[in-house]
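Some notes on the structure that comes next.
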Amino acid sequence: MALNKMVGSFFALDIGTTAIRVVELSHGGRGWNLKQYGAQPIDIRLSESTAEKDQRLLGEAISGVIAQAGIHTKDVAIGIPSQRTFAAVVEIPNVASKAELNATIKYQAENYVPMKADEAKIDWAIIGESPNDNQKVEVLVASVPNTFTEGRLDLLEGLGLNVVAIEPDALALTRALLPDGVQDGRLILDIGDNATDLVVTLGTAPRLIRSIPVGFQTMVKMAKQNLNIEEQQAHQLLLKFGVMPDRLEGQLLRSVNSTLEQLVAEIQKSLKFFGTKYAGVGVGAILSSGYAAILPGLIETITQRTNVPGQAATPWQHVNVPSGDQAKLAPISSQLAVAVGLAERLGV
């Protein structure tokens with residue numbers, strides 16, 4: 001796992017719950033340029049299963065989307081789902097040299113994660129001074145079980161790929177979705193199929209990272225149950241009408257309202273934590289990605305219930321996209337934030 005390591009030419013791979021996504025960028029005088037991209041749906045069991053047959057099918061799907069995208073490099077940066085990652089921002093005393101600081105963090109890191117040092121990969125990045133004590137610095141510490149990373153590495157190396165970086169999805173989201181020049185706080189809300197990534201940032205660095213076990217499939221199941229309809233119909237209705245109060249006489253909104261309340265409660269809890277720790281610093285906007293960006297009425301509902309303006313975030317704000325690809329990307333852009341963020345790594 002690498003939070004702040006320099007890497008060379010590579011492509012980004014996001015193995016999601018229901019899709020595989022790849023992005024390759026180049027970096028020139030005018031910033032990032034889109035070279036190749038691709039996305040392919042997969043059966044929901046493949047990303048979680050460790051069965052040999054399912055791993056083989058997952059490998060075939062990965063190879064397929066890489067070939068379809070026209071990617072030829074074997075070097076790859078991969079994301080780690082937030083459900084598999086523990087991440088926390090901690091404060092430690094500042095010391096005279098970076099070497100001493102790294103030694104201190106390494107010695108103390110196991111105290112900050114719920115895993116034994118020999119059972120997990122632990123990494124960290126210094127993100128700034130403490131807001132409350134100028135004799136301390138804030139450090140982002142992240143860990144992931146060895147069983148997960150080793151399984152991923154075995155799978156990808158078996159496909160002939162060379163993994164040059166492994167990074168938590170939350171960091172990739174932050175890199176892709178934060179606008180340039182942001183000084184105050186932002187809350188990134190990326191709703192996936194089974195979980196939601198919630199990242200509160202200050203400046204360019206994440207200060208709170210959470211994974212909430214609520215996702216689009218949670219809403220689908222609630223709509224199916226409360227409206228007594230088939231799952232596929234619930235899926236289609238949510239994508240078409242979302243949670244707009246004036247559609248279907250508000251029945252769809254009411255059917256998933258308990259899920260929305262749970263999601264809003266977690267957002268409010270995170271905003272309160274941030275406001276308490278970073279007194280005087282506001283959260284200027286909620287940046288929505290994933291299903292949060294495409295479900296009609298969802299951004300407006302969250303804005304109304306949290307009193308924080310929400311907006312759909314684009315992962316392409318730092319990337320020059322060829323005009324011929326812009327229309328093709330429009331339907332899937334909200335799904336590509338993790339892959340774009342991974343591809344934008346330049347040791348930052």
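Labeling convention for the structure tokens: chains A, B, ... as they appear, residues from 1 per chain, ligands from 1 in order of appearance.
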If you count only C-alpha atoms, which residues fall within 6 Å of range 186-203 of chain A, apart from same-chain ones fewer than 6 positions away, as number ranges by chain? A: 209-217, 283-292
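For range 30-87 of chain A, backbone-based DSSP assignment of alpha helix (DSSP H) covers Glu52, Lys53, Asp54, Gln55, Arg56, Leu57, Leu58, Gly59, Glu60, Ala61, Ile62, Ser63, Gly64, Val65, Ile66, Ala67, Gln68 and Ala69 of chain A.
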I need the chosen residues saved as a CSV table (one decimal), in the first residue's frame, with all heavy atoms.
```
chain,number,residue,atom,x,y,z
A,52,GLU,N,-11.7,-20.6,-6.3
A,52,GLU,CA,-10.8,-20.7,-7.5
A,52,GLU,C,-11.6,-20.4,-8.8
A,52,GLU,O,-11.1,-19.6,-9.6
A,52,GLU,CB,-10.2,-22.1,-7.6
A,52,GLU,CG,-9.2,-22.2,-8.7
A,52,GLU,CD,-8.5,-23.6,-8.7
A,52,GLU,OE1,-8.6,-24.3,-7.7
A,52,GLU,OE2,-7.8,-23.9,-9.7
A,53,LYS,N,-12.8,-20.9,-9.0
A,53,LYS,CA,-13.5,-20.7,-10.2
A,53,LYS,C,-13.9,-19.2,-10.3
A,53,LYS,O,-13.7,-18.6,-11.4
A,53,LYS,CB,-14.8,-21.5,-10.2
A,53,LYS,CG,-15.7,-21.3,-11.4
A,53,LYS,CD,-16.9,-22.1,-11.4
A,53,LYS,CE,-17.8,-21.8,-12.6
A,53,LYS,NZ,-19.1,-22.6,-12.5
A,54,ASP,N,-14.3,-18.6,-9.3
A,54,ASP,CA,-14.7,-17.2,-9.3
A,54,ASP,C,-13.5,-16.3,-9.5
A,54,ASP,O,-13.6,-15.3,-10.2
A,54,ASP,CB,-15.4,-16.8,-8.0
A,54,ASP,CG,-16.8,-17.4,-7.9
A,54,ASP,OD1,-17.4,-17.8,-9.0
A,54,ASP,OD2,-17.3,-17.6,-6.8
A,55,GLN,N,-12.4,-16.6,-8.9
A,55,GLN,CA,-11.1,-15.9,-9.1
A,55,GLN,C,-10.7,-16.0,-10.6
A,55,GLN,O,-10.2,-15.0,-11.2
A,55,GLN,CB,-10.0,-16.4,-8.2
A,55,GLN,CG,-10.2,-15.9,-6.8
A,55,GLN,CD,-10.0,-14.5,-6.6
A,55,GLN,OE1,-8.9,-13.9,-6.7
A,55,GLN,NE2,-11.1,-13.7,-6.3
A,56,ARG,N,-10.9,-17.1,-11.2
A,56,ARG,CA,-10.5,-17.3,-12.6
A,56,ARG,C,-11.4,-16.4,-13.5
A,56,ARG,O,-10.9,-15.7,-14.4
A,56,ARG,CB,-10.6,-18.8,-13.0
A,56,ARG,CG,-10.3,-19.0,-14.5
A,56,ARG,CD,-10.4,-20.5,-14.8
A,56,ARG,NE,-11.6,-21.1,-14.4
A,56,ARG,CZ,-12.8,-21.1,-15.1
A,56,ARG,NH1,-12.8,-20.4,-16.2
A,56,ARG,NH2,-13.8,-21.7,-14.6
A,57,LEU,N,-12.7,-16.4,-13.2
A,57,LEU,CA,-13.7,-15.6,-14.0
A,57,LEU,C,-13.4,-14.1,-13.8
A,57,LEU,O,-13.5,-13.3,-14.7
A,57,LEU,CB,-15.1,-15.9,-13.5
A,57,LEU,CG,-15.6,-17.3,-13.9
A,57,LEU,CD1,-17.0,-17.6,-13.3
A,57,LEU,CD2,-15.7,-17.5,-15.4
A,58,LEU,N,-13.0,-13.7,-12.6
A,58,LEU,CA,-12.7,-12.3,-12.3
A,58,LEU,C,-11.4,-11.9,-13.1
A,58,LEU,O,-11.4,-10.9,-13.7
A,58,LEU,CB,-12.4,-12.1,-10.8
A,58,LEU,CG,-12.1,-10.7,-10.4
A,58,LEU,CD1,-13.1,-9.7,-10.8
A,58,LEU,CD2,-11.8,-10.6,-8.9
A,59,GLY,N,-10.4,-12.8,-13.1
A,59,GLY,CA,-9.2,-12.6,-13.9
A,59,GLY,C,-9.5,-12.4,-15.4
A,59,GLY,O,-9.0,-11.5,-16.0
A,60,GLU,N,-10.4,-13.3,-15.9
A,60,GLU,CA,-10.8,-13.2,-17.3
A,60,GLU,C,-11.5,-11.8,-17.6
A,60,GLU,O,-11.2,-11.2,-18.6
A,60,GLU,CB,-11.7,-14.3,-17.7
A,60,GLU,CG,-11.0,-15.7,-17.7
A,60,GLU,CD,-11.9,-16.8,-17.9
A,60,GLU,OE1,-13.2,-16.6,-18.0
A,60,GLU,OE2,-11.5,-18.0,-18.0
A,61,ALA,N,-12.3,-11.4,-16.6
A,61,ALA,CA,-13.0,-10.1,-16.8
A,61,ALA,C,-12.0,-9.0,-16.8
A,61,ALA,O,-12.2,-8.0,-17.6
A,61,ALA,CB,-14.1,-10.0,-15.8
A,62,ILE,N,-11.1,-9.0,-15.9
A,62,ILE,CA,-10.0,-8.0,-15.9
A,62,ILE,C,-9.2,-7.9,-17.2
A,62,ILE,O,-9.0,-6.8,-17.7
A,62,ILE,CB,-9.1,-8.2,-14.6
A,62,ILE,CG1,-9.9,-8.0,-13.3
A,62,ILE,CG2,-7.9,-7.2,-14.7
A,62,ILE,CD1,-9.1,-8.4,-12.1
A,63,SER,N,-8.8,-9.1,-17.6
A,63,SER,CA,-8.0,-9.1,-18.9
A,63,SER,C,-8.9,-8.6,-20.0
A,63,SER,O,-8.3,-7.9,-20.9
A,63,SER,CB,-7.6,-10.5,-19.1
A,63,SER,OG,-6.6,-11.0,-18.1
A,64,GLY,N,-10.1,-8.9,-20.0
A,64,GLY,CA,-11.0,-8.5,-21.1
A,64,GLY,C,-11.2,-7.0,-21.2
A,64,GLY,O,-11.1,-6.4,-22.3
A,65,VAL,N,-11.4,-6.3,-20.0
A,65,VAL,CA,-11.6,-4.9,-20.1
A,65,VAL,C,-10.3,-4.2,-20.4
A,65,VAL,O,-10.3,-3.1,-21.1
A,65,VAL,CB,-12.2,-4.4,-18.7
A,65,VAL,CG1,-11.2,-4.4,-17.6
A,65,VAL,CG2,-12.8,-3.0,-18.9
A,66,ILE,N,-9.2,-4.7,-20.0
A,66,ILE,CA,-7.9,-4.1,-20.3
A,66,ILE,C,-7.7,-4.2,-21.8
A,66,ILE,O,-7.3,-3.2,-22.4
A,66,ILE,CB,-6.7,-4.8,-19.6
A,66,ILE,CG1,-6.8,-4.5,-18.1
A,66,ILE,CG2,-5.4,-4.4,-20.1
A,66,ILE,CD1,-5.9,-5.4,-17.2
A,67,ALA,N,-8.0,-5.3,-22.4
A,67,ALA,CA,-7.8,-5.5,-23.9
A,67,ALA,C,-8.8,-4.6,-24.6
A,67,ALA,O,-8.4,-3.9,-25.6
A,67,ALA,CB,-8.0,-7.0,-24.2
A,68,GLN,N,-10.0,-4.5,-24.2
A,68,GLN,CA,-11.0,-3.7,-24.9
A,68,GLN,C,-10.6,-2.2,-24.8
A,68,GLN,O,-10.9,-1.5,-25.8
A,68,GLN,CB,-12.4,-3.9,-24.3
A,68,GLN,CG,-13.0,-5.3,-24.5
A,68,GLN,CD,-14.2,-5.6,-23.7
A,68,GLN,OE1,-14.8,-4.7,-23.1
A,68,GLN,NE2,-14.6,-6.9,-23.7
A,69,ALA,N,-10.0,-1.8,-23.7
A,69,ALA,CA,-9.6,-0.4,-23.6
A,69,ALA,C,-8.4,-0.1,-24.4
A,69,ALA,O,-8.1,1.1,-24.6
A,69,ALA,CB,-9.4,-0.1,-22.1
```
Which residue is closest to Val144 in chain A? Choose from A:Ala337, A:Ile267, A:Leu173, A:Ala87 and count only C-alpha atoms. A:Ala87
Neighbours of Gly128 in chain A within 9 Å (only C-alpha atoms; same-chain residues fewer than 5 positions away dropped), as a PDB file with all heavy atoms, in the first residue's frame?
```
ATOM      1  N   VAL A 137       1.787  17.055  14.650  1.00  0.00           N
ATOM      2  CA  VAL A 137       1.365  16.975  13.252  1.00  0.00           C
ATOM      3  C   VAL A 137       0.265  15.929  13.119  1.00  0.00           C
ATOM      4  O   VAL A 137       0.161  15.003  13.937  1.00  0.00           O
ATOM      5  CB  VAL A 137       2.536  16.603  12.315  1.00  0.00           C
ATOM      6  CG1 VAL A 137       3.553  17.718  12.280  1.00  0.00           C
ATOM      7  CG2 VAL A 137       3.176  15.285  12.725  1.00  0.00           C
ATOM      8  N   GLU A 138      -0.554  16.100  12.089  1.00  0.00           N
ATOM      9  CA  GLU A 138      -1.584  15.114  11.788  1.00  0.00           C
ATOM     10  C   GLU A 138      -1.032  14.103  10.778  1.00  0.00           C
ATOM     11  O   GLU A 138      -0.370  14.484   9.804  1.00  0.00           O
ATOM     12  CB  GLU A 138      -2.832  15.777  11.220  1.00  0.00           C
ATOM     13  CG  GLU A 138      -3.622  16.560  12.258  1.00  0.00           C
ATOM     14  CD  GLU A 138      -4.974  16.980  11.740  1.00  0.00           C
ATOM     15  OE1 GLU A 138      -5.047  17.469  10.589  1.00  0.00           O
ATOM     16  OE2 GLU A 138      -5.965  16.827  12.477  1.00  0.00           O
ATOM     17  N   VAL A 139      -1.333  12.850  11.036  1.00  0.00           N
ATOM     18  CA  VAL A 139      -0.843  11.766  10.187  1.00  0.00           C
ATOM     19  C   VAL A 139      -2.028  10.870   9.809  1.00  0.00           C
ATOM     20  O   VAL A 139      -2.814  10.474  10.677  1.00  0.00           O
ATOM     21  CB  VAL A 139       0.227  10.923  10.908  1.00  0.00           C
ATOM     22  CG1 VAL A 139       0.694   9.776  10.029  1.00  0.00           C
ATOM     23  CG2 VAL A 139       1.405  11.802  11.315  1.00  0.00           C
ATOM     24  N   ALA A 205      -6.286  17.499   1.783  1.00  0.00           N
ATOM     25  CA  ALA A 205      -6.059  16.246   2.508  1.00  0.00           C
ATOM     26  C   ALA A 205      -7.322  15.744   3.199  1.00  0.00           C
ATOM     27  O   ALA A 205      -8.095  16.539   3.750  1.00  0.00           O
ATOM     28  CB  ALA A 205      -4.955  16.431   3.551  1.00  0.00           C
TER      29      ALA A 205
END
```
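Every protein, DNA or RNA residue with an atom at most 6 Å from range 294-307 of chain A, where only C-alpha atoms count and chain neighbours fewer than 2 positions away do not, is listed here: Leu239, Phe241, Gly242, Val243, Met244, Tyr291, Ala292, Pro309 and Gly310 of chain A.
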Got a sec to tell me which of range 115-290 of chain A DSSP assigns to strand (DSSP E or B), as a JSON list (two decimals) with C-alpha atoms, in the first residue's frame?
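Writing the result to out_1.json gives the following:
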```
[["chain", "number", "residue", "atom", "x", "y", "z"],
["A", 120, "ALA", "CA", -1.73, -6.19, 7.98],
["A", 121, "LYS", "CA", 0.00, -3.80, 5.67],
["A", 122, "ILE", "CA", 0.25, -0.46, 7.46],
["A", 123, "ASP", "CA", 1.15, 2.82, 5.76],
["A", 124, "TRP", "CA", 0.94, 6.50, 6.62],
["A", 125, "ALA", "CA", 1.26, 10.01, 5.25],
["A", 126, "ILE", "CA", 1.87, 13.30, 7.08],
["A", 127, "ILE", "CA", -0.96, 15.65, 6.10],
["A", 128, "GLY", "CA", -0.25, 18.83, 8.10],
["A", 129, "GLU", "CA", 0.03, 20.52, 11.44],
["A", 136, "LYS", "CA", 2.12, 18.09, 16.79],
["A", 137, "VAL", "CA", 1.37, 16.98, 13.25],
["A", 138, "GLU", "CA", -1.58, 15.11, 11.79],
["A", 139, "VAL", "CA", -0.84, 11.77, 10.19],
["A", 140, "LEU", "CA", -3.15, 9.63, 8.07],
["A", 141, "VAL", "CA", -2.61, 6.00, 9.05],
["A", 142, "ALA", "CA", -4.17, 3.25, 6.94],
["A", 143, "SER", "CA", -4.08, -0.52, 7.14],
["A", 144, "VAL", "CA", -5.47, -3.44, 5.17],
["A", 145, "PRO", "CA", -5.37, -7.17, 5.99],
["A", 162, "ASN", "CA", 2.98, -5.59, -12.21],
["A", 163, "VAL", "CA", 1.33, -3.81, -9.27],
["A", 164, "VAL", "CA", 3.24, -0.56, -8.68],
["A", 165, "ALA", "CA", 0.87, 1.00, -6.12],
["A", 166, "ILE", "CA", -1.98, 0.00, -3.84],
["A", 167, "GLU", "CA", -4.09, 2.82, -2.45],
["A", 168, "PRO", "CA", -7.30, 3.19, -0.42],
["A", 185, "GLY", "CA", -13.78, 21.74, 4.10],
["A", 186, "ARG", "CA", -15.54, 19.47, 1.61],
["A", 187, "LEU", "CA", -17.48, 16.26, 2.15],
["A", 188, "ILE", "CA", -17.13, 13.64, -0.58],
["A", 189, "LEU", "CA", -20.08, 11.25, -0.78],
["A", 190, "ASP", "CA", -19.57, 8.26, -3.05],
["A", 191, "ILE", "CA", -22.48, 5.82, -2.93],
["A", 196, "THR", "CA", -20.91, 4.49, 0.87],
["A", 197, "ASP", "CA", -17.53, 6.17, 1.09],
["A", 198, "LEU", "CA", -17.66, 9.36, 3.12],
["A", 199, "VAL", "CA", -14.53, 11.53, 3.16],
["A", 200, "VAL", "CA", -14.28, 14.93, 4.84],
["A", 201, "THR", "CA", -11.36, 16.99, 3.58],
["A", 202, "LEU", "CA", -9.59, 20.16, 4.59],
["A", 205, "ALA", "CA", -6.06, 16.25, 2.51],
["A", 206, "PRO", "CA", -8.68, 13.87, 3.95],
["A", 207, "ARG", "CA", -9.31, 14.46, 7.67],
["A", 208, "LEU", "CA", -12.03, 11.87, 8.20],
["A", 209, "ILE", "CA", -12.58, 8.65, 6.24],
["A", 210, "ARG", "CA", -15.57, 6.42, 6.83],
["A", 211, "SER", "CA", -17.28, 3.50, 5.13],
["A", 212, "ILE", "CA", -21.02, 3.27, 5.79],
["A", 283, "VAL", "CA", -17.72, 22.48, 5.03],
["A", 284, "GLY", "CA", -18.53, 24.41, 1.89],
["A", 285, "ALA", "CA", -20.15, 21.65, -0.16],
["A", 286, "ILE", "CA", -21.01, 17.99, -0.43],
["A", 287, "LEU", "CA", -19.40, 16.53, -3.57],
["A", 288, "SER", "CA", -21.47, 13.62, -4.83],
["A", 289, "SER", "CA", -20.19, 10.68, -6.84],
["A", 290, "GLY", "CA", -21.29, 7.17, -7.69]]
```
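Atom to atom, CA of Thr85 in chain A and CA of Asn111 in chain A stand 15.8 Å apart.
For the pair CA of Val281 in chain A and CA of Gln83 in chain A, the interatomic distance is 28.3 Å.
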Could you produce a table of the residues of range 283-335 of chain A lying within 8 Å of range 18-32 of chain A, with the nearest pair of atoms per residue and their separation in Å rounded to one decimal, using only C-alpha atoms, ordered by chain and increasing residue number, as a Markdown table?
```
| residue | atom | partner | partner_atom | distance |
| --- | --- | --- | --- | --- |
| A:His318 | CA | A:Trp32 | CA | 6.3 |
| A:Val319 | CA | A:Trp32 | CA | 4.7 |
| A:Asn320 | CA | A:Trp32 | CA | 6.0 |
```
Can those selected residues be exported to a file as a CSV table (one decimal), in the first residue's frame so that it contains N, CA and C atoms?
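Now in result-v7.csv:
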```csv
chain,number,residue,atom,x,y,z
A,318,HIS,N,-9.5,17.7,-13.8
A,318,HIS,CA,-8.1,17.9,-14.0
A,318,HIS,C,-7.6,17.2,-15.3
A,319,VAL,N,-8.5,16.7,-16.1
A,319,VAL,CA,-8.2,15.8,-17.2
A,319,VAL,C,-8.7,16.4,-18.5
A,320,ASN,N,-7.9,16.4,-19.5
A,320,ASN,CA,-8.3,16.8,-20.9
A,320,ASN,C,-8.9,15.6,-21.6
```
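Distances to Glu344 in chain A were evaluated for A:Gln268, A:Ser82, A:Arg175, A:Asn228 using only C-alpha atoms, and the minimum falls at A:Arg175.
CA of Leu336 in chain A to CA of Asp14 in chain A spans 8.3 Å [interatomic distance, one decimal].
Between Leu177 in chain A and the residues A:Ser323, A:Ser97, A:Gln232, A:Gln311, the shortest atom-to-atom distance, using only C-alpha atoms, involves A:Gln311.
In terms of minimum interatomic distance to Leu13 in chain A, A:Leu161 ranks closest within A:Ala234, A:Leu161, A:Leu248, A:Ile44, counting only C-alpha atoms.
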